[in-house]
Amino acid sequence: MGRLSRSFHPREVSRLWHEAAMRAPLLCVVALAACASTAPAGRKDSVNDPIVQSGHPVLRQRAADVPPEEIRTPEFQALVARMVAAMRAAPGVGLAAPQLGVPKRVFVVEDPAALQASLTPVERSERERAPLPLRVLVNPTVTPVGDEKVTFWEGCLSVSGYSALVARFREVEVSALDEHGAPFTWRVRGWPARILQHESDHLDGTLYVDRMVSRSFGTTPQVKARFGGQPIAAALEAFAAPR
Ligand SMILES: [Zn+2]
């Protein structure tokens with residue numbers, strides 16, 4: 001375990017985040033058929049946790065609420081630091097604790113502008129993909145705003161190598177505790193709303209494959225070769241997916 005098991009002071013966690021932010025990987029995420037996939041740099045000074053893959057029961061159970069008094073403990077802060085490091089090394093735009101084998105209700109999200117540089121203007125605009133700063137969400141509750149849904153390609157670090165079309169609410173409001181245990185409410189639209197719904201699902205044992213347009217499921221290279229750079233309408237038509 002070595003460095004992974006040591007405790008982190010909250011200030012040190014902030015420092016680690018800042019350092020990692022300075023070398024954000026050039027990639028995408030939760031969904032990315034049309035994203036470039038540059039090899040991640042990862043952390044040079046530690047070994048990142050492996051991301052649990054689909055089939056492991058920890059991905060299929062309801063994760064446990066985090067007692068608020070636990071949030072400021074060195075152990076919990078260390079878990080958050082491991083999650084951020086693993087998300088960035090993967091790279092991904094979100095990671096939930098069960099994906100590191102820890103059944104607790106916490107996830108991290110981050111979608112820096114650098115990850116979006118490979119998208120065409122049409123892709124960026126269709127997806128309503130805007131830079132998302134690093135955030136930690138503990139015991140989150142995600143509520144749809146309105147009933148409009150949008151369908152795009154989506155992938156998951158725990159279903160490595162595949163993508164599929166998934167319909168998600170276009171706008172959501174999330175209430176959660178932050179990394180200091182302070183409550184906050186956040187309303188987001190477009191791609192960030194998709195990320196929040198995907199990560200929140202992980203805490204309930206749900207994977208995107210439970211929600212996907214199953215006929216669209218394919219390896220990410222196949223999806224990119226066929227639909228990369230095209231308006232999403234082409235894929236929606238090809239698979240008779242909801243618009
Ligand atoms: Zn996922």
# chains A, B, ... in the order shown; residues from 1 in each chain; ligands from 1

call {"tool": "residues_near_ligand", "arguments": {"ligand": "ligand 1", "cutoff": "8 Å", "atoms": "only C-alpha atoms and all ligand atoms", "output": "list in words"}}
result
Val30, Gly94, Leu95, Ala96, Gln99, Gly155, Cys156, Leu157, Ser158, Val159, His198, Glu199, His202, Leu207 and Tyr208 of chain A

call {"tool": "write_last_selection", "arguments": {"atoms": "N, CA and C atoms", "output": "CSV table (one decimal), in the first residue's frame"}}
result
chain,number,residue,atom,x,y,z
A,30,VAL,N,-16.6,10.5,-19.5
A,30,VAL,CA,-17.8,9.8,-19.4
A,30,VAL,C,-18.3,10.0,-20.7
A,94,GLY,N,-15.2,12.1,-14.2
A,94,GLY,CA,-15.9,11.8,-12.9
A,94,GLY,C,-15.5,10.4,-12.4
A,95,LEU,N,-15.6,10.3,-11.1
A,95,LEU,CA,-15.3,9.0,-10.5
A,95,LEU,C,-16.0,8.9,-9.2
A,96,ALA,N,-16.7,7.7,-9.0
A,96,ALA,CA,-17.4,7.5,-7.7
A,96,ALA,C,-16.6,6.5,-6.9
A,99,GLN,N,-16.0,2.8,-7.5
A,99,GLN,CA,-15.1,2.5,-8.6
A,99,GLN,C,-13.7,2.2,-8.1
A,155,GLY,N,-19.6,6.7,-21.9
A,155,GLY,CA,-18.7,5.6,-21.6
A,155,GLY,C,-18.5,5.6,-20.1
A,156,CYS,N,-17.8,4.6,-19.6
A,156,CYS,CA,-17.6,4.5,-18.1
A,156,CYS,C,-16.2,3.9,-17.9
A,157,LEU,N,-15.5,4.4,-17.0
A,157,LEU,CA,-14.2,3.9,-16.6
A,157,LEU,C,-14.3,2.5,-16.1
A,158,SER,N,-15.5,2.1,-15.6
A,158,SER,CA,-15.7,0.7,-15.1
A,158,SER,C,-16.3,-0.3,-16.2
A,159,VAL,N,-16.5,0.3,-17.3
A,159,VAL,CA,-16.9,-0.6,-18.5
A,159,VAL,C,-15.9,-0.2,-19.6
A,198,HIS,N,-24.6,10.3,-14.2
A,198,HIS,CA,-23.8,9.1,-14.4
A,198,HIS,C,-23.2,8.7,-13.0
A,199,GLU,N,-22.5,9.7,-12.4
A,199,GLU,CA,-21.8,9.4,-11.1
A,199,GLU,C,-22.8,9.1,-10.0
A,202,HIS,N,-23.8,5.6,-10.0
A,202,HIS,CA,-22.8,4.6,-9.5
A,202,HIS,C,-23.1,4.4,-8.0
A,207,LEU,N,-25.3,1.2,-13.7
A,207,LEU,CA,-24.3,1.5,-14.7
A,207,LEU,C,-25.0,2.0,-15.9
A,208,TYR,N,-24.3,2.8,-16.8
A,208,TYR,CA,-24.9,3.3,-18.0
A,208,TYR,C,-25.5,2.2,-18.9

call {"tool": "select_by_dssp", "arguments": {"residues": "segment 100-240 of chain A", "states": "helix (DSSP H, G or I)", "output": "PyMOL selection string"}}
result
chain A and resi 100+113-116+121-127+191-203+208-210+214-216+220-227+232-238

call {"tool": "write_last_selection", "arguments": {"atoms": "N, CA and C atoms", "output": "short mmCIF file (atom, residue, chain, number, x, y, z; two decimals), in the first residue's frame"}}
result
data_model
loop_
_atom_site.label_atom_id
_atom_site.label_comp_id
_atom_site.auth_asym_id
_atom_site.auth_seq_id
_atom_site.Cartn_x
_atom_site.Cartn_y
_atom_site.Cartn_z
N LEU A 100 -13.45 2.61 -6.89
CA LEU A 100 -12.17 2.23 -6.26
C LEU A 100 -12.42 1.11 -5.26
N ALA A 113 -11.09 22.64 -19.35
CA ALA A 113 -11.17 23.06 -20.75
C ALA A 113 -10.23 22.25 -21.63
N ALA A 114 -9.07 21.87 -21.09
CA ALA A 114 -8.09 21.14 -21.89
C ALA A 114 -8.65 19.84 -22.43
N LEU A 115 -9.58 19.23 -21.68
CA LEU A 115 -10.16 17.97 -22.13
C LEU A 115 -11.11 18.15 -23.28
N GLN A 116 -11.54 19.38 -23.50
CA GLN A 116 -12.54 19.63 -24.53
C GLN A 116 -11.94 20.16 -25.82
N PRO A 121 -16.30 22.35 -32.74
CA PRO A 121 -17.26 23.33 -32.20
C PRO A 121 -18.69 22.78 -32.17
N VAL A 122 -19.04 22.00 -33.21
CA VAL A 122 -20.39 21.42 -33.24
C VAL A 122 -20.59 20.45 -32.08
N GLU A 123 -19.58 19.60 -31.86
CA GLU A 123 -19.70 18.63 -30.76
C GLU A 123 -19.82 19.34 -29.42
N ARG A 124 -19.00 20.38 -29.25
CA ARG A 124 -18.99 21.08 -27.97
C ARG A 124 -20.35 21.74 -27.74
N SER A 125 -20.85 22.36 -28.80
CA SER A 125 -22.09 23.08 -28.65
C SER A 125 -23.29 22.14 -28.51
N GLU A 126 -23.32 21.07 -29.28
CA GLU A 126 -24.42 20.09 -29.16
C GLU A 126 -24.50 19.53 -27.75
N ARG A 127 -23.34 19.23 -27.22
CA ARG A 127 -23.29 18.60 -25.90
C ARG A 127 -23.47 19.58 -24.76
N TRP A 191 -23.72 18.99 -20.49
CA TRP A 191 -22.80 17.89 -20.20
C TRP A 191 -22.53 17.70 -18.71
N PRO A 192 -22.34 18.79 -17.96
CA PRO A 192 -22.15 18.60 -16.51
C PRO A 192 -23.33 17.87 -15.87
N ALA A 193 -24.54 18.13 -16.36
CA ALA A 193 -25.71 17.43 -15.81
C ALA A 193 -25.62 15.94 -16.10
N ARG A 194 -25.11 15.60 -17.28
CA ARG A 194 -24.92 14.19 -17.64
C ARG A 194 -23.91 13.54 -16.69
N ILE A 195 -22.82 14.22 -16.46
CA ILE A 195 -21.79 13.66 -15.58
C ILE A 195 -22.36 13.40 -14.18
N LEU A 196 -23.11 14.37 -13.67
CA LEU A 196 -23.68 14.20 -12.32
C LEU A 196 -24.64 13.01 -12.26
N GLN A 197 -25.45 12.84 -13.30
CA GLN A 197 -26.39 11.72 -13.31
C GLN A 197 -25.65 10.39 -13.39
N HIS A 198 -24.61 10.35 -14.21
CA HIS A 198 -23.82 9.12 -14.36
C HIS A 198 -23.17 8.73 -13.03
N GLU A 199 -22.53 9.71 -12.39
CA GLU A 199 -21.82 9.40 -11.14
C GLU A 199 -22.79 9.08 -10.01
N SER A 200 -23.90 9.79 -9.97
CA SER A 200 -24.90 9.52 -8.94
C SER A 200 -25.44 8.11 -9.09
N ASP A 201 -25.63 7.68 -10.33
CA ASP A 201 -26.07 6.30 -10.57
C ASP A 201 -25.12 5.28 -9.95
N HIS A 202 -23.82 5.57 -10.03
CA HIS A 202 -22.85 4.62 -9.45
C HIS A 202 -23.11 4.37 -7.97
N LEU A 203 -23.59 5.39 -7.27
CA LEU A 203 -23.81 5.25 -5.82
C LEU A 203 -25.02 4.37 -5.53
N TYR A 208 -24.27 2.75 -16.77
CA TYR A 208 -24.94 3.32 -17.95
C TYR A 208 -25.51 2.24 -18.85
N VAL A 209 -24.94 1.03 -18.77
CA VAL A 209 -25.47 -0.04 -19.63
C VAL A 209 -26.90 -0.41 -19.26
N ASP A 210 -27.32 -0.03 -18.05
CA ASP A 210 -28.71 -0.27 -17.64
C ASP A 210 -29.67 0.72 -18.31
N SER A 214 -29.51 -0.06 -26.28
CA SER A 214 -28.62 -1.23 -26.32
C SER A 214 -28.04 -1.52 -27.70
N ARG A 215 -28.77 -1.20 -28.74
CA ARG A 215 -28.25 -1.49 -30.08
C ARG A 215 -27.06 -0.61 -30.44
N SER A 216 -26.88 0.48 -29.72
CA SER A 216 -25.77 1.38 -30.03
C SER A 216 -24.48 0.97 -29.32
N THR A 220 -15.39 1.59 -28.15
CA THR A 220 -15.18 3.01 -28.39
C THR A 220 -14.45 3.27 -29.72
N PRO A 221 -13.45 2.48 -30.09
CA PRO A 221 -12.83 2.71 -31.40
C PRO A 221 -13.81 2.57 -32.56
N GLN A 222 -14.71 1.59 -32.48
CA GLN A 222 -15.72 1.42 -33.53
C GLN A 222 -16.64 2.63 -33.59
N VAL A 223 -17.07 3.06 -32.43
CA VAL A 223 -17.99 4.20 -32.37
C VAL A 223 -17.32 5.46 -32.91
N LYS A 224 -16.07 5.64 -32.52
CA LYS A 224 -15.35 6.83 -32.99
C LYS A 224 -15.14 6.78 -34.50
N ALA A 225 -14.81 5.60 -35.01
CA ALA A 225 -14.56 5.47 -36.44
C ALA A 225 -15.82 5.77 -37.25
N ARG A 226 -16.96 5.36 -36.72
CA ARG A 226 -18.20 5.50 -37.47
C ARG A 226 -18.87 6.85 -37.26
N PHE A 227 -18.79 7.38 -36.04
CA PHE A 227 -19.57 8.58 -35.73
C PHE A 227 -18.74 9.77 -35.25
N ILE A 232 -24.64 14.56 -33.61
CA ILE A 232 -25.21 13.41 -32.90
C ILE A 232 -26.44 12.87 -33.64
N ALA A 233 -27.05 13.71 -34.47
CA ALA A 233 -28.25 13.28 -35.21
C ALA A 233 -27.97 12.03 -36.04
N ALA A 234 -26.75 11.90 -36.53
CA ALA A 234 -26.41 10.74 -37.36
C ALA A 234 -26.53 9.45 -36.56
N ALA A 235 -26.04 9.47 -35.34
CA ALA A 235 -26.11 8.28 -34.49
C ALA A 235 -27.54 8.02 -34.01
N LEU A 236 -28.24 9.09 -33.70
CA LEU A 236 -29.61 8.93 -33.22
C LEU A 236 -30.47 8.29 -34.31
N GLU A 237 -30.21 8.70 -35.53
CA GLU A 237 -30.97 8.14 -36.66
C GLU A 237 -30.57 6.69 -36.90
N ALA A 238 -29.27 6.42 -36.84
CA ALA A 238 -28.79 5.06 -37.13
C ALA A 238 -29.36 4.03 -36.16
#

call {"tool": "atom_distance", "arguments": {"atom1": "atom CA of Val109 of chain A", "atom2": "atom CA of Val93 of chain A"}}
result
5.5 Å

call {"tool": "select_by_dssp", "arguments": {"residues": "segment 53-240 of chain A", "states": "strand (DSSP E)", "output": "VMD selection string"}}
result
chain A and resid 94 to 96 106 to 111 132 to 144 149 to 154 162 to 169 171 to 177 183 to 189 218 to 219

call {"tool": "closest_residue", "arguments": {"among": "A:His180, A:Arg105, A:Arg88, A:Arg168", "to": "Thr73 of chain A", "atoms": "only C-alpha atoms"}}
result
A:His180

call {"tool": "atom_distance", "arguments": {"atom1": "atom CA of Tyr162 of chain A", "atom2": "atom CA of Gly218 of chain A"}}
result
5.5 Å

call {"tool": "residues_around", "arguments": {"residues": "Pro242 of chain A", "least_positions_apart": "2", "cutoff": "10 Å", "atoms": "only C-alpha atoms", "output": "PyMOL selection string"}}
result
chain A and resi 149-152+165-167+213+236-237+239-240

call {"tool": "write_last_selection", "arguments": {"atoms": "C-alpha atoms", "output": "tab-separated table (two decimals), in the first residue's frame"}}
result
chain	number	residue	atom	x	y	z
A	149	LYS	CA	-33.85	14.51	-21.98
A	150	VAL	CA	-30.96	14.51	-24.45
A	151	THR	CA	-29.17	11.50	-25.89
A	152	PHE	CA	-25.41	11.32	-26.44
A	165	LEU	CA	-26.02	6.20	-26.53
A	166	VAL	CA	-27.69	7.16	-23.26
A	167	ALA	CA	-30.61	9.53	-22.66
A	213	VAL	CA	-29.87	2.34	-26.22
A	236	LEU	CA	-29.61	8.93	-33.22
A	237	GLU	CA	-30.97	8.14	-36.66
A	239	PHE	CA	-30.08	3.51	-33.92
A	240	ALA	CA	-33.57	5.00	-33.86

call {"tool": "closest_residue", "arguments": {"among": "A:Gly205, A:Gly92, A:Glu171, A:Gly55", "to": "Val142 of chain A", "atoms": "only C-alpha atoms"}}
result
A:Glu171

call {"tool": "atom_distance", "arguments": {"atom1": "atom CA of Leu177 of chain A", "atom2": "atom CA of Pro133 of chain A"}}
result
16.0 Å

call {"tool": "residues_around", "arguments": {"residues": "Val172 of chain A", "least_positions_apart": "6", "cutoff": "6 Å", "atoms": "only C-alpha atoms", "output": "list in words"}}
result
Thr143, Pro144, Val145, Arg187, Val188 and Ala193 of chain A

call {"tool": "write_last_selection", "arguments": {"atoms": "C-alpha atoms", "output": "PDB file, in the first residue's frame"}}
result
ATOM      1  CA  THR A 143     -33.064  15.876  -8.980  1.00  0.00           C
ATOM      2  CA  PRO A 144     -34.143  16.479 -12.596  1.00  0.00           C
ATOM      3  CA  VAL A 145     -35.196  19.998 -13.518  1.00  0.00           C
ATOM      4  CA  ARG A 187     -27.995  23.504 -10.725  1.00  0.00           C
ATOM      5  CA  VAL A 188     -26.331  22.452 -13.957  1.00  0.00           C
ATOM      6  CA  ALA A 193     -25.715  17.433 -15.807  1.00  0.00           C
TER       7      ALA A 193
END
